>>> print(open('upload_20.txt').read())   # compact mmCIF, C-alpha atoms and all ligand atoms
# COMPACT_ATOMS: atom_id res chain seq x y z
CA MET A 1 0.00 0.00 0.00
CA THR A 2 1.38 3.41 -0.87
CA GLN A 3 0.18 6.89 -0.36
CA SER A 4 1.32 10.13 -1.91
CA PRO A 5 2.21 12.40 0.99
CA ALA A 6 2.26 15.47 -1.23
CA SER A 7 -1.47 15.29 -1.80
CA ALA A 8 -2.27 14.12 1.71
CA ILE A 9 -4.53 16.11 3.97
CA LEU A 10 -3.41 17.45 7.31
CA ALA A 11 -6.57 16.50 9.16
CA VAL A 12 -5.81 17.99 12.57
CA THR A 13 -4.76 21.52 13.53
CA ASP A 14 -3.62 23.20 16.72
CA ALA A 15 -7.12 24.64 17.06
CA ASP A 16 -8.39 21.05 17.35
CA VAL A 17 -5.83 20.39 20.09
CA GLN A 18 -6.92 23.54 21.93
CA ALA A 19 -10.57 22.50 21.68
CA ALA A 20 -9.67 19.04 22.98
CA ALA A 21 -7.90 20.64 25.95
CA GLN A 22 -11.11 22.49 26.84
CA ARG A 23 -13.15 19.28 26.69
CA LEU A 24 -10.59 17.51 28.89
CA ALA A 25 -10.24 20.31 31.45
CA GLY A 26 -11.17 19.03 34.89
CA ILE A 27 -11.64 15.49 33.55
CA ALA A 28 -8.21 14.26 32.44
CA HIS A 29 -5.40 14.72 34.93
CA ARG A 30 -2.88 17.46 34.27
CA THR A 31 -0.05 15.02 34.79
CA PRO A 32 3.09 16.08 36.66
CA VAL A 33 6.37 17.05 35.00
CA MET A 34 9.40 15.56 36.72
CA THR A 35 13.05 16.50 36.60
CA SER A 36 16.16 14.67 37.74
CA THR A 37 19.56 16.21 38.45
CA THR A 38 21.10 12.81 37.68
CA VAL A 39 19.54 12.76 34.22
CA ASN A 40 20.53 16.38 33.62
CA ARG A 41 24.12 15.59 34.57
CA LEU A 42 24.30 12.42 32.48
CA THR A 43 22.85 14.04 29.39
CA GLN A 44 24.31 17.52 29.96
CA SER A 45 20.92 18.98 29.23
CA GLU A 46 17.81 20.11 31.10
CA VAL A 47 15.25 17.32 30.87
CA PHE A 48 11.52 17.49 31.63
CA PHE A 49 9.60 14.21 31.90
CA LYS A 50 5.85 14.48 31.21
CA CYS A 51 4.41 11.64 33.28
CA GLU A 52 1.40 10.22 31.44
CA ASN A 53 1.81 7.01 33.42
CA PHE A 54 -0.10 9.00 36.04
CA GLN A 55 -2.96 9.75 33.62
CA ARG A 56 -6.37 8.18 34.28
CA THR A 57 -6.26 4.49 33.27
CA GLY A 58 -2.46 4.72 33.34
CA ALA A 59 -1.71 6.12 29.89
CA PHE A 60 -2.28 9.15 27.64
CA LYS A 61 -4.90 7.17 25.65
CA PHE A 62 -7.65 8.50 27.92
CA ARG A 63 -7.20 11.96 26.35
CA GLY A 64 -7.95 10.86 22.80
CA ALA A 65 -10.71 8.44 23.74
CA TYR A 66 -12.56 11.02 25.82
CA ASN A 67 -12.13 13.75 23.19
CA ALA A 68 -13.55 11.43 20.54
CA LEU A 69 -16.58 10.33 22.58
CA ALA A 70 -17.34 13.88 23.70
CA GLN A 71 -17.83 14.88 20.06
CA LEU A 72 -20.31 12.15 19.14
CA SER A 73 -23.99 13.07 18.96
CA VAL A 74 -26.12 12.16 21.97
CA GLU A 75 -27.86 9.51 19.84
CA ALA A 76 -24.59 7.92 18.76
CA ARG A 77 -23.35 7.91 22.35
CA GLU A 78 -26.54 6.25 23.55
CA ARG A 79 -26.19 3.51 20.94
CA GLY A 80 -22.63 2.96 22.12
CA VAL A 81 -19.06 2.66 20.92
CA ILE A 82 -16.75 -0.20 20.06
CA ALA A 83 -13.00 -0.72 19.77
CA PHE A 84 -10.64 -3.61 19.23
CA SER A 85 -7.67 -3.47 21.57
CA SER A 86 -6.07 -5.52 24.26
CA GLY A 87 -4.08 -2.55 25.44
CA ASN A 88 -4.44 0.92 26.87
CA HIS A 89 -7.00 2.15 24.35
CA ALA A 90 -9.47 -0.42 25.65
CA GLN A 91 -9.34 0.81 29.23
CA ALA A 92 -9.29 4.45 28.10
CA LEU A 93 -12.39 4.04 25.98
CA ALA A 94 -14.15 2.06 28.71
CA LEU A 95 -13.61 4.85 31.25
CA ALA A 96 -14.54 7.58 28.76
CA GLY A 97 -17.71 5.62 27.96
CA GLN A 98 -18.55 5.34 31.64
CA LEU A 99 -18.09 9.09 32.17
CA LEU A 100 -20.07 10.06 29.05
CA LYS A 101 -22.75 7.38 29.47
CA ALA A 102 -21.86 5.57 26.26
CA PRO A 103 -22.06 1.77 26.50
CA THR A 104 -18.68 0.44 25.44
CA THR A 105 -17.85 -2.84 23.72
CA ILE A 106 -14.24 -3.98 23.48
CA VAL A 107 -13.16 -6.79 21.16
CA MET A 108 -10.19 -8.67 22.62
CA PRO A 109 -8.37 -11.88 21.76
CA ASP A 110 -9.45 -14.79 23.96
CA ASP A 111 -5.83 -15.25 25.06
CA ALA A 112 -5.49 -11.64 26.34
CA PRO A 113 -4.00 -11.44 29.85
CA HIS A 114 -6.62 -11.94 32.52
CA VAL A 115 -5.65 -8.69 34.28
CA LYS A 116 -6.40 -6.71 31.11
CA LEU A 117 -9.80 -8.32 30.66
CA GLU A 118 -10.67 -7.60 34.27
CA ALA A 119 -9.39 -4.02 34.15
CA THR A 120 -11.46 -3.31 31.04
CA ARG A 121 -14.57 -4.89 32.56
CA SER A 122 -14.02 -2.97 35.79
CA TYR A 123 -14.59 0.28 33.87
CA GLY A 124 -17.93 -1.09 32.79
CA ALA A 125 -17.13 -2.24 29.26
CA GLU A 126 -18.58 -5.36 27.68
CA VAL A 127 -15.69 -7.53 26.49
CA VAL A 128 -16.28 -9.66 23.39
CA LEU A 129 -13.65 -12.34 22.88
CA TYR A 130 -12.49 -13.61 19.50
CA ASP A 131 -10.24 -16.43 18.43
CA ARG A 132 -6.97 -15.03 17.04
CA ALA A 133 -6.40 -18.14 14.94
CA THR A 134 -9.70 -18.16 13.06
CA GLN A 135 -11.22 -14.68 13.29
CA SER A 136 -10.08 -11.17 12.38
CA ARG A 137 -10.71 -8.57 15.05
CA GLU A 138 -11.64 -5.98 12.43
CA ALA A 139 -14.32 -8.28 11.03
CA VAL A 140 -15.69 -9.12 14.48
CA ALA A 141 -15.82 -5.45 15.47
CA GLN A 142 -17.31 -4.36 12.16
CA GLN A 143 -20.07 -6.97 12.38
CA LEU A 144 -20.97 -5.95 15.93
CA ALA A 145 -20.87 -2.28 14.96
CA THR A 146 -23.30 -2.88 12.11
CA GLU A 147 -25.64 -5.15 14.09
CA ARG A 148 -25.83 -2.86 17.12
CA GLY A 149 -25.33 0.55 15.52
CA LEU A 150 -22.11 1.14 17.42
CA THR A 151 -19.49 3.75 16.46
CA LEU A 152 -15.99 2.35 15.99
CA ILE A 153 -13.33 4.43 17.76
CA PRO A 154 -9.85 3.66 16.37
CA PRO A 155 -6.84 3.81 18.73
CA PHE A 156 -4.77 6.31 16.72
CA ASP A 157 -5.89 6.98 13.15
CA TYR A 158 -8.84 9.21 13.94
CA PRO A 159 -8.65 13.04 14.03
CA PRO A 160 -10.39 13.53 17.44
CA VAL A 161 -8.06 10.95 18.99
CA ILE A 162 -4.98 12.67 17.50
CA ALA A 163 -6.17 16.06 18.79
CA GLY A 164 -6.72 14.64 22.28
CA GLN A 165 -3.23 13.13 22.41
CA GLY A 166 -1.78 16.49 21.36
CA THR A 167 -2.87 17.99 24.68
CA VAL A 168 0.07 16.16 26.31
CA ALA A 169 2.58 18.44 24.56
CA LYS A 170 0.37 21.49 25.00
CA GLU A 171 0.37 20.99 28.77
CA LEU A 172 4.09 20.29 28.90
CA LEU A 173 4.91 23.53 27.05
CA GLU A 174 2.52 25.51 29.23
CA GLU A 175 4.18 24.14 32.32
CA VAL A 176 7.89 24.42 31.46
CA GLY A 177 8.02 27.04 28.71
CA THR A 178 9.71 26.53 25.39
CA LEU A 179 11.81 23.47 24.53
CA ASP A 180 14.67 22.84 22.13
CA LEU A 181 13.86 19.16 21.67
CA LEU A 182 10.82 16.95 22.24
CA LEU A 183 11.08 13.14 22.27
CA VAL A 184 7.88 11.15 21.75
CA CYS A 185 7.38 7.41 21.38
CA CYS A 186 5.60 6.16 18.28
CA GLY A 187 3.31 3.21 17.62
CA GLY A 188 0.57 4.16 15.17
CA GLY A 189 1.61 7.77 15.57
CA GLY A 190 -1.43 9.31 17.29
CA LEU A 191 0.59 10.66 20.21
CA LEU A 192 3.50 11.76 18.03
CA SER A 193 1.42 13.55 15.42
CA GLY A 194 -0.81 15.27 17.99
CA CYS A 195 2.16 16.42 20.05
CA ALA A 196 4.00 17.58 16.93
CA ILE A 197 1.05 19.76 15.87
CA ALA A 198 0.86 21.47 19.28
CA THR A 199 4.63 21.86 19.55
CA ARG A 200 5.06 23.35 16.09
CA ALA A 201 2.39 25.92 16.99
CA HIS A 202 3.70 26.91 20.43
CA ALA A 203 7.45 26.22 20.20
CA PRO A 204 8.18 26.62 16.49
CA GLN A 205 11.96 26.15 16.85
CA CYS A 206 11.67 22.91 18.84
CA ARG A 207 13.09 19.76 17.19
CA ILE A 208 10.47 16.99 17.35
CA ILE A 209 11.79 13.45 17.21
CA GLY A 210 9.76 10.24 17.20
CA VAL A 211 11.20 7.12 18.81
CA GLU A 212 10.30 3.54 17.97
CA PRO A 213 11.68 0.08 18.67
CA LYS A 214 14.28 -1.09 16.16
CA GLN A 215 12.24 -4.28 15.87
CA ALA A 216 9.11 -2.33 14.90
CA ASP A 217 10.68 0.39 12.77
CA ASP A 218 7.90 0.79 10.18
CA ALA A 219 7.33 4.47 10.99
CA THR A 220 11.02 5.31 10.71
CA ARG A 221 11.22 3.57 7.35
CA SER A 222 7.98 5.26 6.22
CA PHE A 223 9.40 8.62 7.29
CA TYR A 224 12.63 8.18 5.32
CA SER A 225 11.09 6.60 2.22
CA ARG A 226 7.99 8.87 2.31
CA THR A 227 6.01 5.74 1.46
CA LEU A 228 3.90 3.90 4.01
CA GLN A 229 5.75 0.81 5.27
CA VAL A 230 3.99 -2.08 6.99
CA ILE A 231 5.35 -4.68 9.43
CA ASP A 232 2.94 -7.55 9.85
CA ASN A 233 3.72 -8.89 13.27
CA PRO A 234 6.33 -6.73 14.98
CA LYS A 235 8.04 -8.47 17.90
CA THR A 236 9.07 -6.03 20.57
CA VAL A 237 8.80 -5.82 24.33
CA ALA A 238 7.17 -2.40 23.77
CA ASP A 239 3.66 -3.72 23.23
CA GLY A 240 2.20 -0.23 22.70
CA ALA A 241 4.35 0.05 19.57
CA ARG A 242 3.34 -3.29 18.03
CA THR A 243 1.19 -1.52 15.46
CA THR A 244 1.64 -2.64 11.87
CA SER A 245 1.91 0.83 10.32
CA LEU A 246 1.14 4.52 10.62
CA GLY A 247 -2.34 5.53 9.47
CA GLN A 248 -3.83 7.60 6.68
CA TYR A 249 -4.07 10.61 9.01
CA THR A 250 -1.01 10.13 11.19
CA PHE A 251 1.45 9.49 8.35
CA PRO A 252 1.02 12.82 6.52
CA LEU A 253 0.97 14.71 9.83
CA ILE A 254 4.23 13.07 10.89
CA LEU A 255 5.86 13.80 7.53
CA HIS A 256 4.80 17.42 7.82
CA TYR A 257 5.50 18.21 11.46
CA VAL A 258 8.14 15.77 12.74
CA ASP A 259 11.84 16.53 12.26
CA ASP A 260 13.29 13.06 12.62
CA MET A 261 12.64 9.46 13.66
CA VAL A 262 15.07 7.22 15.53
CA THR A 263 15.01 3.63 16.76
CA VAL A 264 16.18 1.96 19.97
CA SER A 265 17.09 -1.64 20.74
CA GLU A 266 15.14 -3.99 23.01
CA ALA A 267 17.97 -3.90 25.55
CA ALA A 268 17.96 -0.09 25.48
CA ILE A 269 14.22 -0.02 26.19
CA LEU A 270 14.63 -2.28 29.21
CA ARG A 271 17.67 -0.42 30.53
CA SER A 272 15.77 2.85 30.37
CA MET A 273 12.68 1.33 31.94
CA PHE A 274 14.81 0.03 34.79
CA PHE A 275 16.53 3.42 35.14
CA LEU A 276 13.18 5.24 35.39
CA TRP A 277 11.92 2.81 38.02
CA GLU A 278 15.11 2.77 40.06
CA ARG A 279 16.30 6.36 39.85
CA LEU A 280 13.14 8.39 39.30
CA LYS A 281 10.83 5.95 41.14
CA VAL A 282 8.51 6.20 38.16
CA VAL A 283 6.75 3.00 37.06
CA VAL A 284 6.61 3.04 33.27
CA GLU A 285 5.76 0.20 30.91
CA PRO A 286 8.29 -0.74 28.20
CA THR A 287 6.65 1.50 25.58
CA GLY A 288 6.63 4.31 28.13
CA ALA A 289 10.44 4.17 28.27
CA LEU A 290 11.04 4.46 24.50
CA ALA A 291 11.58 8.22 24.35
CA THR A 292 13.84 8.13 27.41
CA ALA A 293 15.93 5.40 25.78
CA ALA A 294 16.78 7.63 22.80
CA LEU A 295 18.17 10.19 25.23
CA LEU A 296 19.90 7.99 27.82
CA GLU A 297 21.50 5.77 25.19
CA GLY A 298 22.97 8.78 23.40
CA ILE A 299 21.06 8.11 20.17
CA VAL A 300 19.83 11.68 20.28
CA ARG A 301 22.27 14.15 21.77
CA SER A 302 21.19 17.49 23.15
CA PRO A 303 24.03 19.27 24.99
CA SER A 304 22.88 22.38 26.86
CA GLN A 305 19.35 22.02 25.48
CA ARG A 306 15.94 22.00 27.12
CA VAL A 307 14.48 18.58 26.38
CA GLY A 308 10.93 17.31 26.82
CA VAL A 309 10.46 13.54 27.16
CA ILE A 310 7.02 11.97 27.22
CA LEU A 311 6.56 8.96 29.49
CA SER A 312 3.49 7.59 27.74
CA GLY A 313 2.14 5.00 30.17
CA GLY A 314 2.69 2.75 33.15
CA ASN A 315 0.51 -0.31 32.68
CA VAL A 316 2.86 -3.20 33.17
CA ASP A 317 2.35 -6.54 34.79
CA LEU A 318 4.69 -6.49 37.78
CA ALA A 319 5.52 -10.18 37.59
CA GLN A 320 6.44 -9.78 33.91
CA ALA A 321 8.55 -6.69 34.65
CA GLY A 322 10.41 -8.65 37.31
CA LYS A 323 11.19 -11.36 34.78
CA LEU A 324 12.45 -8.83 32.24
CA PHE A 325 14.69 -7.12 34.77
CA SER A 326 16.11 -10.39 36.04
CA GLN A 327 17.31 -11.17 32.49
CA MET A 328 19.62 -8.20 32.56
CA GLN A 329 23.19 -8.35 33.80
CA LYS A 330 25.51 -5.52 34.58
CA THR A 331 28.28 -5.12 32.02
CA PRO A 332 30.84 -2.33 31.59
CA LYS A 333 29.76 0.88 29.96
CA VAL A 334 29.84 0.78 26.16
CA ARG A 335 28.74 4.03 24.50
CA SER A 336 25.97 5.34 26.61
CA PRO A 337 25.82 8.41 28.83
CA LEU A 338 24.66 6.08 31.60
CA PRO A 339 27.41 5.25 34.09
CA TRP A 340 26.76 1.56 33.44
CA THR A 341 24.87 -0.51 30.97
CA TRP A 342 23.08 -3.83 30.97
CA GLU A 343 22.93 -6.40 28.27
CA LEU A 344 20.26 -9.02 27.91
CA SER A 345 21.84 -12.28 28.98
C1 LIG A 401 -0.74 3.44 22.51
C2 LIG A 401 0.50 3.70 23.25
C3 LIG A 401 1.65 4.19 22.59
C4 LIG A 401 1.70 4.45 21.11
O1 LIG A 401 0.81 5.47 20.76
P1 LIG A 401 0.42 5.75 19.24
O2 LIG A 401 -0.51 6.87 19.28
O3 LIG A 401 -0.18 4.49 18.69
O4 LIG A 401 1.71 6.07 18.54
C5 LIG A 401 2.77 4.46 23.36
N1 LIG A 401 2.80 4.24 24.70
C6 LIG A 401 1.72 3.76 25.34
C7 LIG A 401 1.82 3.55 26.81
C8 LIG A 401 0.54 3.48 24.65
O5 LIG A 401 -0.53 3.01 25.31
>>> encode(input="upload_20.txt", output="structure tokens")
Amino acid sequence: MTQSPASAILAVTDADVQAAAQRLAGIAHRTPVMTSTTVNRLTQSEVFFKCENFQRTGAFKFRGAYNALAQLSVEARERGVIAFSSGNHAQALALAGQLLKAPTTIVMPDDAPHVKLEATRSYGAEVVLYDRATQSREAVAQQLATERGLTLIPPFDYPPVIAGQGTVAKELLEEVGTLDLLLVCCGGGGLLSGCAIATRAHAPQCRIIGVEPKQADDATRSFYSRTLQVIDNPKTVADGARTTSLGQYTFPLILHYVDDMVTVSEAAILRSMFFLWERLKVVVEPTGALATAALLEGIVRSPSQRVGVILSGGNVDLAQAGKLFSQMQKTPKVRSPLPWTWELS
């Protein structure tokens, strides 16, 4: 599949982000911004971490989901909404549906972790299971949507969702003032494109860099080739970035507003996740550590600059995190600004 970026439409503007911020005021948390003298010393820059792991439902996804539901007609909301997701979008949409009185149906694989099923149900959503081997989640969701008159809310490739995610960068800039560099993780590109729109409008000189796992580098390759690249079944510990490609809205926005894309290794993601837990006492999930990894591993350098880093979420199974950490061994420093480095054993 290819797409001509030159003719593509930029579907979301900063005015949409501003309008989203008004809808979210008093409903989404204004998440804290954290700093660390250790990080500043190691990177020789001034770093501001925007902590969306403290957002409602544990990730920024609540912003986009709520902004999307809030714009549906009363009738559409009463009929209900549907999404397919086993991740943070499911819980975000379930909570938004509860708050806006929209019955929510979530289509999940029948082998999804029990904790995720329970968390989604606890926000009042109806969970419909499908068999990964024999059914496609799109087909299951589409059939339910048609039968029940439900509105499908996509996790990233949907203008109201993109605008909602952009409020993360808007808040960060309001809180800390202008930035020289902003690092944002990238899966399907909803967070990155939304944040890039807001940043370009309010900090025009700021470099905006998207970060993705090396093992799921479709967006980076799409960015450089200016042709949409697809990875069928990306295998990375960063489950929030296991999307197969950017979308028809996010791709042109990223080409237009983002300055560069970089990738980080699986080991780098885990090292940075461990660092954030241990040093900043901030519980992030692997995907939530992607942007930090680009900085701490020296992939993006920023001497004497003011750097924003988005910690996108903190939903991680503690037992699984323990297993991941126990696979790491201390080895001598290679080429990282960290005083040590771990390799996967
Ligand atoms: C969904 C998600 C991402 C990726 O967001 P996109 O908008 O798909 O790029 C990153 N981190 C976390 C925690 C997520 O839930």
>>> closest_atom_pairs(input="upload_20.txt", of="chain A", to="ligand LIG 401 (chain A)", cutoff="7 Å", atoms="all atoms listed in the file", output="Markdown table")
| residue | atom | partner | partner_atom | distance |
| --- | --- | --- | --- | --- |
| A:Ala59 | CA | A:LIG401 | C7 | 5.3 |
| A:Phe60 | CA | A:LIG401 | O5 | 6.8 |
| A:Lys61 | CA | A:LIG401 | O5 | 6.0 |
| A:Gly87 | CA | A:LIG401 | O5 | 6.6 |
| A:Asn88 | CA | A:LIG401 | O5 | 4.7 |
| A:His89 | CA | A:LIG401 | O5 | 6.6 |
| A:Pro155 | CA | A:LIG401 | O3 | 6.7 |
| A:Phe156 | CA | A:LIG401 | O2 | 5.0 |
| A:Cys185 | CA | A:LIG401 | C5 | 5.8 |
| A:Cys186 | CA | A:LIG401 | O4 | 3.9 |
| A:Gly187 | CA | A:LIG401 | O4 | 3.4 |
| A:Gly188 | CA | A:LIG401 | O3 | 3.6 |
| A:Gly189 | CA | A:LIG401 | O4 | 3.4 |
| A:Gly190 | CA | A:LIG401 | O2 | 3.3 |
| A:Leu191 | CA | A:LIG401 | O2 | 4.1 |
| A:Leu192 | CA | A:LIG401 | O4 | 6.0 |
| A:Gly240 | CA | A:LIG401 | C2 | 4.3 |
| A:Ala241 | CA | A:LIG401 | C4 | 5.4 |
| A:Thr243 | CA | A:LIG401 | O3 | 7.0 |
| A:Glu285 | CA | A:LIG401 | C7 | 6.6 |
| A:Thr287 | CA | A:LIG401 | N1 | 4.8 |
| A:Gly288 | CA | A:LIG401 | C7 | 5.0 |
| A:Ser312 | CA | A:LIG401 | C7 | 4.5 |
| A:Gly313 | CA | A:LIG401 | C7 | 3.7 |
| A:Gly314 | CA | A:LIG401 | C7 | 6.4 |
>>> closest_atom_pairs(input="upload_20.txt", of="region 19-75 of chain A", to="region 112-130 of chain A", cutoff="12 Å", atoms="all atoms listed in the file", output="CSV")
residue,atom,partner,partner_atom,distance
A:Arg56,CA,A:Tyr123,CA,11.4
A:Thr57,CA,A:Ala119,CA,9.1
A:Gly58,CA,A:Ala119,CA,11.2
>>> residues_around(input="upload_20.txt", residues="Pro160 (chain A)", least_positions_apart="4", cutoff="10 Å", atoms="all atoms listed in the file", output="ChimeraX atom specification")
/A:11-12,16-17,19-20,63-71,153-154,156,164-166,190,194
>>> closest_residue(input="upload_20.txt", among="A:Leu24, A:Leu228, A:Leu270, A:Leu179", to="Met328 (chain A)", atoms="all atoms listed in the file")
A:Leu270
>>> atom_distance(input="upload_20.txt", atom1="CA of Phe251 (chain A)", atom2="CA of Arg226 (chain A)")
8.9 Å
>>> closest_residue(input="upload_20.txt", among="A:Val282, A:Ala198, A:Thr178, A:Met261", to="Ala219 (chain A)", atoms="all atoms listed in the file")
A:Met261
>>> closest_residue(input="upload_20.txt", among="A:Val74, A:Val309, A:Leu173, A:Ala83", to="Lys101 (chain A)", atoms="only C-alpha atoms")
A:Val74
